[in-house]
file input.tsv (TSV, C-alpha atoms and all ligand atoms)
chain	number	residue	atom	x	y	z
A	893	MET	CA	3.07	12.80	-29.49
A	894	GLY	CA	6.16	14.63	-30.59
A	895	MET	CA	5.97	13.16	-34.07
A	896	GLU	CA	5.19	15.33	-37.00
A	897	SER	CA	2.58	13.20	-38.74
A	898	ALA	CA	-0.67	13.10	-40.63
A	899	ALA	CA	-2.49	11.79	-37.51
A	900	GLU	CA	-1.28	14.78	-35.44
A	901	HIS	CA	-3.17	17.19	-37.62
A	902	MET	CA	-6.39	15.16	-37.67
A	903	ASP	CA	-9.46	16.78	-36.28
A	904	PHE	CA	-11.46	15.11	-33.56
A	905	HIS	CA	-14.08	13.61	-35.88
A	906	ALA	CA	-11.58	12.15	-38.27
A	907	ALA	CA	-9.59	10.63	-35.37
A	908	LYS	CA	-12.75	9.15	-33.84
A	909	ALA	CA	-13.83	7.70	-37.18
A	910	LEU	CA	-10.41	6.13	-37.53
A	911	LEU	CA	-10.57	4.63	-34.07
A	912	GLU	CA	-14.03	3.23	-34.72
A	913	TRP	CA	-12.78	1.75	-37.97
A	914	GLN	CA	-9.94	0.03	-36.09
A	915	MET	CA	-12.48	-1.37	-33.59
A	916	GLU	CA	-14.62	-2.48	-36.47
A	917	LEU	CA	-11.64	-4.47	-37.69
A	918	GLY	CA	-11.36	-6.20	-34.32
A	919	ALA	CA	-8.80	-4.09	-32.45
A	920	ASP	CA	-9.69	-4.18	-28.77
A	921	GLU	CA	-6.51	-2.99	-27.10
A	922	PRO	CA	-3.49	-0.85	-27.91
A	923	ILE	CA	-0.28	-2.83	-28.26
A	924	GLY	CA	3.02	-1.47	-27.09
A	925	GLU	CA	3.96	1.53	-24.99
A	926	VAL	CA	4.81	3.69	-27.92
A	927	PRO	CA	2.19	4.31	-30.53
A	928	VAL	CA	3.04	3.37	-34.07
A	929	ASN	CA	2.08	5.78	-36.75
A	930	ARG	CA	0.98	3.54	-39.55
A	931	TYR	CA	0.17	6.44	-41.86
A	932	GLU	CA	3.65	7.83	-41.99
A	933	VAL	CA	5.23	7.80	-45.43
A	934	PRO	CA	8.56	5.94	-45.15
A	935	ALA	CA	11.53	8.20	-45.82
A	936	GLU	CA	13.12	5.62	-48.08
A	937	ALA	CA	11.46	3.12	-50.37
A	938	PRO	CA	12.07	-0.42	-49.10
A	939	LYS	CA	15.10	-1.95	-50.73
A	940	PRO	CA	14.28	-4.75	-53.15
A	941	ILE	CA	15.28	-8.16	-51.90
A	942	ALA	CA	18.59	-9.00	-53.49
A	943	VAL	CA	18.29	-12.15	-55.52
A	944	THR	CA	21.66	-13.80	-56.21
A	945	PRO	CA	21.75	-14.91	-59.82
A	946	ALA	CA	22.09	-18.66	-60.24
A	947	SER	CA	25.20	-18.09	-62.38
A	948	ALA	CA	26.99	-16.63	-59.33
A	949	VAL	CA	26.11	-19.60	-57.14
A	950	ALA	CA	26.58	-22.49	-59.57
A	951	PRO	CA	30.20	-23.67	-60.05
A	952	LYS	CA	31.65	-22.17	-63.21
A	953	ILE	CA	31.93	-24.68	-66.05
A	954	GLU	CA	34.83	-23.69	-68.30
A	955	ALA	CA	34.04	-23.67	-72.03
A	956	ILE	CA	35.34	-26.86	-73.63
A	957	ASP	CA	38.33	-26.29	-75.91
A	958	PRO	CA	37.76	-28.72	-78.81
A	959	VAL	CA	41.49	-28.98	-79.58
A	960	VAL	CA	42.35	-29.90	-75.97
A	961	MET	CA	39.48	-32.38	-75.98
A	962	ALA	CA	40.64	-33.90	-79.29
A	963	GLU	CA	44.18	-34.26	-77.95
A	964	ALA	CA	42.99	-36.07	-74.84
A	965	VAL	CA	40.71	-38.40	-76.76
A	966	ALA	CA	43.21	-39.16	-79.53
A	967	GLU	CA	46.13	-39.72	-77.15
A	968	GLY	CA	44.07	-42.27	-75.24
A	969	ALA	CA	43.63	-44.52	-78.29
A	970	GLN	CA	45.97	-47.51	-78.11
A	971	HIS	CA	45.42	-48.97	-81.56
A	972	LEU	CA	43.91	-47.95	-84.91
A	973	GLU	CA	40.50	-49.55	-84.32
A	974	GLU	CA	40.16	-47.66	-81.06
A	975	LEU	CA	41.27	-44.42	-82.74
A	976	ALA	CA	38.63	-44.88	-85.44
A	977	GLU	CA	36.01	-45.49	-82.75
A	978	VAL	CA	36.82	-42.43	-80.64
A	979	GLN	CA	37.29	-40.20	-83.67
A	980	GLU	CA	33.94	-41.20	-85.13
A	981	ALA	CA	32.27	-40.48	-81.78
A	982	PHE	CA	33.94	-37.05	-81.48
A	983	ASP	CA	31.24	-34.37	-81.68
A	984	LEU	CA	33.17	-31.09	-81.51
A	985	CYS	CA	33.80	-30.62	-85.23
A	986	ASP	CA	30.74	-29.26	-87.02
A	987	LEU	CA	31.61	-31.01	-90.30
A	988	LYS	CA	30.27	-34.19	-88.74
A	989	LYS	CA	26.74	-32.79	-88.79
A	990	GLY	CA	26.64	-32.41	-92.57
A	991	ALA	CA	28.44	-35.61	-93.54
A	992	ARG	CA	26.80	-38.88	-94.51
A	993	ASN	CA	29.68	-41.09	-93.43
A	994	PHE	CA	32.81	-41.06	-91.32
A	995	VAL	CA	35.85	-41.76	-93.52
A	996	PHE	CA	38.80	-43.12	-91.56
A	997	ALA	CA	41.28	-44.90	-93.83
A	998	ASP	CA	41.86	-47.54	-96.48
A	999	GLY	CA	44.72	-49.74	-97.59
A	1000	ASN	CA	47.29	-51.64	-95.60
A	1001	PRO	CA	47.77	-50.11	-92.12
A	1002	LYS	CA	51.20	-51.77	-91.94
A	1003	ALA	CA	52.36	-50.24	-95.22
A	1004	ASN	CA	55.66	-48.36	-95.33
A	1005	VAL	CA	53.97	-45.44	-97.08
A	1006	MET	CA	51.10	-43.42	-95.62
A	1007	VAL	CA	49.24	-41.07	-97.96
A	1008	ILE	CA	47.42	-38.13	-96.42
A	1009	GLY	CA	44.78	-36.32	-98.46
A	1010	GLU	CA	42.48	-33.43	-97.68
A	1011	ALA	CA	38.94	-34.58	-96.92
A	1012	PRO	CA	36.30	-36.88	-98.35
A	1013	GLY	CA	34.48	-35.70	-101.45
A	1014	ARG	CA	31.04	-36.79	-102.58
A	1015	ASP	CA	32.00	-40.36	-103.56
A	1016	GLU	CA	34.05	-40.90	-100.41
A	1017	ASP	CA	31.19	-39.55	-98.27
A	1018	VAL	CA	28.83	-42.05	-99.89
A	1019	GLU	CA	31.19	-45.04	-99.61
A	1020	GLY	CA	32.90	-44.23	-96.30
A	1021	LEU	CA	36.36	-44.76	-97.84
A	1022	PRO	CA	39.07	-42.27	-98.87
A	1023	PHE	CA	40.04	-41.60	-102.48
A	1024	VAL	CA	37.46	-43.70	-104.30
A	1025	GLY	CA	36.26	-41.10	-106.84
A	1026	ARG	CA	38.04	-39.96	-110.01
A	1027	ALA	CA	40.93	-38.41	-108.09
A	1028	GLY	CA	41.25	-41.63	-106.10
A	1029	GLN	CA	41.42	-43.74	-109.24
A	1030	LEU	CA	44.24	-41.54	-110.53
A	1031	LEU	CA	45.97	-41.84	-107.15
A	1032	ASP	CA	45.81	-45.65	-107.44
A	1033	ARG	CA	47.34	-45.50	-110.95
A	1034	MET	CA	50.08	-43.14	-109.79
A	1035	PHE	CA	51.21	-45.46	-107.00
A	1036	ALA	CA	50.78	-48.55	-109.17
A	1037	ALA	CA	53.37	-46.96	-111.47
A	1038	ILE	CA	55.98	-47.32	-108.70
A	1039	GLY	CA	54.78	-50.76	-107.62
A	1040	LEU	CA	52.60	-49.71	-104.66
A	1041	SER	CA	48.94	-50.45	-104.06
A	1042	ARG	CA	46.30	-50.09	-101.35
A	1043	THR	CA	45.38	-53.76	-101.77
A	1044	ALA	CA	48.90	-55.17	-101.32
A	1045	ALA	CA	49.30	-57.43	-98.28
A	1046	ASN	CA	53.06	-56.93	-98.19
A	1047	PRO	CA	53.84	-53.71	-96.27
A	1048	ALA	CA	56.74	-52.99	-98.64
A	1049	GLU	CA	54.30	-52.86	-101.57
A	1050	GLY	CA	51.36	-51.30	-99.81
A	1051	ILE	CA	50.02	-47.85	-99.15
A	1052	TYR	CA	47.83	-46.74	-96.28
A	1053	ILE	CA	45.50	-43.83	-97.07
A	1054	THR	CA	43.74	-41.29	-94.88
A	1055	ASN	CA	42.69	-37.63	-94.92
A	1056	VAL	CA	43.21	-34.63	-92.65
A	1057	LEU	CA	39.44	-34.49	-92.15
A	1058	PRO	CA	37.24	-37.56	-91.80
A	1059	TRP	CA	34.02	-35.75	-92.75
A	1060	ARG	CA	33.13	-34.14	-96.07
A	1061	PRO	CA	33.02	-30.33	-95.99
A	1062	PRO	CA	29.70	-29.03	-97.39
A	1063	SER	CA	29.80	-28.69	-101.19
A	1064	ASN	CA	33.47	-29.73	-101.08
A	1065	ARG	CA	34.50	-26.29	-99.83
A	1066	ASP	CA	38.05	-25.82	-98.52
A	1067	PRO	CA	38.43	-26.88	-94.89
A	1068	GLU	CA	38.51	-24.00	-92.38
A	1069	PRO	CA	41.71	-23.57	-90.31
A	1070	ASP	CA	39.82	-24.29	-87.07
A	1071	GLU	CA	38.43	-27.55	-88.52
A	1072	ILE	CA	41.98	-28.60	-89.36
A	1073	SER	CA	43.26	-27.65	-85.89
A	1074	ILE	CA	40.48	-29.55	-84.15
A	1075	MET	CA	41.09	-32.75	-86.09
A	1076	LEU	CA	44.90	-32.52	-86.19
A	1077	PRO	CA	45.46	-34.45	-82.91
A	1078	PHE	CA	43.62	-37.40	-84.47
A	1079	LEU	CA	45.84	-37.29	-87.57
A	1080	LYS	CA	48.96	-37.09	-85.41
A	1081	ARG	CA	47.88	-40.14	-83.42
A	1082	HIS	CA	46.87	-41.91	-86.64
A	1083	VAL	CA	50.43	-41.52	-87.96
A	1084	GLU	CA	51.94	-42.64	-84.63
A	1085	LEU	CA	49.82	-45.79	-84.53
A	1086	ALA	CA	50.26	-46.71	-88.22
A	1087	ASP	CA	53.97	-45.89	-87.89
A	1088	PRO	CA	54.84	-45.57	-91.62
A	1089	GLU	CA	58.39	-45.12	-92.90
A	1090	LEU	CA	57.40	-42.10	-94.93
A	1091	ILE	CA	54.43	-39.89	-95.62
A	1092	VAL	CA	53.02	-38.41	-98.82
A	1093	LEU	CA	51.15	-35.13	-98.36
A	1094	MET	CA	48.62	-34.75	-101.15
A	1095	GLY	CA	47.93	-31.05	-101.72
A	1096	ASN	CA	47.75	-27.91	-99.64
A	1097	THR	CA	45.52	-29.02	-96.77
A	1098	PRO	CA	47.80	-31.82	-95.51
A	1099	CYS	CA	50.81	-29.51	-95.97
A	1100	SER	CA	49.25	-26.80	-93.84
A	1101	ALA	CA	48.12	-29.39	-91.26
A	1102	ALA	CA	51.38	-31.33	-91.02
A	1103	LEU	CA	54.02	-28.75	-91.99
A	1104	GLY	CA	52.25	-25.53	-91.07
A	1105	ARG	CA	53.00	-24.37	-94.62
A	1106	LYS	CA	51.02	-23.77	-97.79
A	1107	GLY	CA	51.97	-23.27	-101.41
A	1108	ILE	CA	52.03	-26.80	-102.79
A	1109	LEU	CA	53.52	-25.74	-106.12
A	1110	ARG	CA	56.62	-24.55	-104.26
A	1111	LEU	CA	56.64	-27.30	-101.64
A	1112	ARG	CA	56.17	-30.27	-103.96
A	1113	GLY	CA	59.17	-32.38	-104.77
A	1114	ASN	CA	61.13	-31.32	-101.66
A	1115	TRP	CA	61.44	-33.71	-98.76
A	1116	ALA	CA	60.13	-32.24	-95.52
A	1117	GLU	CA	59.50	-33.64	-92.05
A	1118	ALA	CA	56.00	-34.34	-90.79
A	1119	PHE	CA	55.15	-35.99	-87.47
A	1120	GLY	CA	58.82	-36.86	-87.05
A	1121	ARG	CA	59.24	-38.70	-90.36
A	1122	PRO	CA	60.17	-37.92	-93.96
A	1123	ALA	CA	57.32	-36.40	-95.93
A	1124	MET	CA	56.96	-35.70	-99.64
A	1125	PRO	CA	54.49	-32.95	-100.61
A	1126	MET	CA	52.81	-33.68	-103.96
A	1127	THR	CA	50.19	-31.98	-106.06
A	1128	HIS	CA	46.75	-33.46	-105.42
A	1129	PRO	CA	45.43	-35.91	-108.06
A	1130	ALA	CA	42.36	-33.66	-108.48
A	1131	TYR	CA	44.76	-30.88	-109.50
A	1132	LEU	CA	46.49	-33.26	-111.92
A	1133	LEU	CA	43.13	-34.10	-113.52
A	1134	ARG	CA	42.61	-30.39	-114.19
A	1135	ASN	CA	46.25	-29.73	-115.13
A	1136	PRO	CA	47.59	-32.82	-116.95
A	1137	ALA	CA	50.84	-31.01	-117.76
A	1138	ALA	CA	51.71	-31.15	-114.04
A	1139	LYS	CA	51.83	-34.97	-114.19
A	1140	ARG	CA	55.44	-34.83	-115.31
A	1141	GLU	CA	56.48	-33.27	-111.99
A	1142	ALA	CA	54.26	-35.66	-110.07
A	1143	TRP	CA	56.05	-38.52	-111.76
A	1144	ALA	CA	59.38	-37.11	-110.61
A	1145	ASP	CA	58.01	-36.96	-107.05
A	1146	LEU	CA	56.87	-40.59	-107.26
A	1147	LEU	CA	60.32	-41.62	-108.41
A	1148	ALA	CA	61.85	-39.78	-105.45
A	1149	ILE	CA	59.56	-41.77	-103.14
A	1150	LYS	CA	60.51	-45.04	-104.80
A	1151	ALA	CA	64.22	-44.21	-104.53
A	1152	ARG	CA	63.90	-43.37	-100.84
A	1153	LEU	CA	62.10	-46.65	-100.13
A	1154	LYS	CA	64.74	-48.64	-102.03
A	1155	GLY	CA	67.55	-46.90	-100.19
A	1156	LYS	CA	66.32	-48.33	-96.86
B	1201	LIG	N1	40.34	-35.86	-102.14
B	1201	LIG	C1	40.95	-36.03	-100.96
B	1201	LIG	O1	41.82	-35.24	-100.58
B	1201	LIG	N2	40.62	-37.10	-100.24
B	1201	LIG	C2	39.71	-37.97	-100.63
B	1201	LIG	O2	39.46	-38.90	-99.89
B	1201	LIG	C3	39.08	-37.76	-101.85
B	1201	LIG	C4	39.40	-36.70	-102.60

call {"tool": "encode", "arguments": {"input": "input.tsv", "output": "structure tokens"}}
result
Amino acid sequence: MGMESAAEHMDFHAAKALLEWQMELGADEPIGEVPVNRYEVPAEAPKPIAVTPASAVAPKIEAIDPVVMAEAVAEGAQHLEELAEVQEAFDLCDLKKGARNFVFADGNPKANVMVIGEAPGRDEDVEGLPFVGRAGQLLDRMFAAIGLSRTAANPAEGIYITNVLPWRPPSNRDPEPDEISIMLPFLKRHVELADPELIVLMGNTPCSAALGRKGILRLRGNWAEAFGRPAMPMTHPAYLLRNPAAKREAWADLLAIKARLKGK
């Protein structure tokens, strides 16, 4: 054998013992023309079998964009009841997990005026209706002062009330920008389906959602455009409860709303 191997250097006795051992194991004939040296150390370690990770084989599932999802779901709603249904079932906003109730709207959906607040507080979360706590009672008195009410059957005397967010943020914290962005398509569709003549934006959150602007103390009292219709930013009734002196300006804003409705 021309091979340089361990067997080549074996002495007679070792080779004989090896042969006998092979016979002991049942070998009774040599196989093949060329002997195989089974004691040779392989030059290279055997390559590990390549296992293709499942992630490379499985089709890639793109991460769901909650805003795109919300747009698709909201756009599909053909009337307010359907919008409420699909919005309540929407699972991609984490606020839902901590809230007791889904708060959609209250008042007359055919009203000329749509009021948009921030988000349910504790009382609203318990009752499942917007603006039913102290701030809500003040809101009712404010609109009553210009002849409008959430219980009026006549659209010209009614108001329709909703919030940017339908679920209460934990401990009434300010809504996060991504929570607003995720739920904005629902608000947009809500306005389209209710189709009010004008909108009242109560506080900073609806202003940043609908106008992309903050700074309610500068914005209030100036007509803006939200969702393609006239919108009046006003200080939130909760702010007015803490700052009664600001009620004078709020009254001026209410009169501007009344004048605009009369002018139609
Ligand atoms: N504040 C809001 O902005 N909305 C409510 O529904 C209650 C309090």

call {"tool": "residues_around", "arguments": {"input": "input.tsv", "residues": "segment 1086-1095 of chain A", "least_positions_apart": "3", "cutoff": "8 Å", "atoms": "only C-alpha atoms", "output": "PyMOL selection string"}}
result
chain A and resi 972+1001-1010+1082-1083+1098-1099+1108+1118+1121-1129

call {"tool": "residues_near_point", "arguments": {"input": "input.tsv", "point": "(30.3, -25.4, -97.6)", "cutoff": "12 Å", "atoms": "only C-alpha atoms", "output": "NGL selection string"}}
result
:A and (986-987 or 990-991 or 1013 or 1060-1068)

call {"tool": "closest_residue", "arguments": {"input": "input.tsv", "among": "A:Ala1044, A:Val926, A:Phe904, A:Asn1096", "to": "ligand LIG 1201 (chain B)", "atoms": "all atoms listed in the file"}}
result
A:Asn1096

call {"tool": "closest_atom_pairs", "arguments": {"input": "input.tsv", "of": "chain A", "to": "ligand LIG 1201 (chain B)", "cutoff": "9 Å", "atoms": "all atoms listed in the file", "output": "Markdown table"}}
result
| residue | atom | partner | partner_atom | distance |
| --- | --- | --- | --- | --- |
| A:Val995 | CA | B:LIG1201 | O2 | 7.9 |
| A:Ala997 | CA | B:LIG1201 | O2 | 8.7 |
| A:Ile1008 | CA | B:LIG1201 | O1 | 7.6 |
| A:Gly1009 | CA | B:LIG1201 | O1 | 3.8 |
| A:Glu1010 | CA | B:LIG1201 | O1 | 3.5 |
| A:Ala1011 | CA | B:LIG1201 | N2 | 4.5 |
| A:Pro1012 | CA | B:LIG1201 | O2 | 4.1 |
| A:Gly1013 | CA | B:LIG1201 | C3 | 5.1 |
| A:Arg1014 | CA | B:LIG1201 | C3 | 8.1 |
| A:Asp1015 | CA | B:LIG1201 | C3 | 7.7 |
| A:Glu1016 | CA | B:LIG1201 | O2 | 5.8 |
| A:Asp1017 | CA | B:LIG1201 | O2 | 8.5 |
| A:Leu1021 | CA | B:LIG1201 | O2 | 6.9 |
| A:Pro1022 | CA | B:LIG1201 | O2 | 3.5 |
| A:Phe1023 | CA | B:LIG1201 | O2 | 3.8 |
| A:Val1024 | CA | B:LIG1201 | C3 | 6.6 |
| A:Gly1025 | CA | B:LIG1201 | C3 | 6.6 |
| A:Arg1026 | CA | B:LIG1201 | C4 | 8.2 |
| A:Ala1027 | CA | B:LIG1201 | C4 | 6.0 |
| A:Gly1028 | CA | B:LIG1201 | C3 | 6.1 |
| A:Ile1053 | CA | B:LIG1201 | O2 | 8.3 |
| A:Thr1054 | CA | B:LIG1201 | O2 | 7.0 |
| A:Asn1055 | CA | B:LIG1201 | N2 | 5.7 |
| A:Val1056 | CA | B:LIG1201 | O1 | 8.1 |
| A:Leu1057 | CA | B:LIG1201 | N2 | 8.6 |
| A:Pro1058 | CA | B:LIG1201 | O2 | 8.5 |
| A:Arg1060 | CA | B:LIG1201 | O2 | 8.8 |
| A:Met1094 | CA | B:LIG1201 | O1 | 6.8 |
| A:Gly1095 | CA | B:LIG1201 | O1 | 7.5 |
| A:Thr1097 | CA | B:LIG1201 | O1 | 8.2 |
| A:Pro1098 | CA | B:LIG1201 | O1 | 8.6 |
| A:His1128 | CA | B:LIG1201 | O1 | 7.1 |
| A:Pro1129 | CA | B:LIG1201 | N1 | 7.8 |
| A:Ala1130 | CA | B:LIG1201 | N1 | 7.0 |

call {"tool": "closest_residue", "arguments": {"input": "input.tsv", "among": "A:Gly968, A:Lys908, A:Asp1145, A:Leu1153", "to": "Leu1111 of chain A", "atoms": "all atoms listed in the file"}}
result
A:Asp1145

call {"tool": "atom_distance", "arguments": {"input": "input.tsv", "atom1": "atom CA of Ala1148 of chain A", "atom2": "atom CA of Asp998 of chain A"}}
result
23.2 Å

call {"tool": "residues_near_point", "arguments": {"input": "input.tsv", "point": "(41.0, -27.6, -79.9)", "cutoff": "10 Å", "atoms": "all atoms listed in the file", "output": "list of chain:residue names"}}
result
A:Ile956, A:Asp957, A:Pro958, A:Val959, A:Val960, A:Met961, A:Ala962, A:Glu963, A:Leu984, A:Cys985, A:Asp1070, A:Glu1071, A:Ile1072, A:Ser1073, A:Ile1074, A:Met1075, A:Leu1076, A:Pro1077

call {"tool": "atom_distance", "arguments": {"input": "input.tsv", "atom1": "atom CA of Ala1138 of chain A", "atom2": "atom CA of Ala1151 of chain A"}}
result
20.4 Å

call {"tool": "atom_distance", "arguments": {"input": "input.tsv", "atom1": "atom CA of Asp903 of chain A", "atom2": "atom CA of Tyr931 of chain A"}}
result
15.2 Å
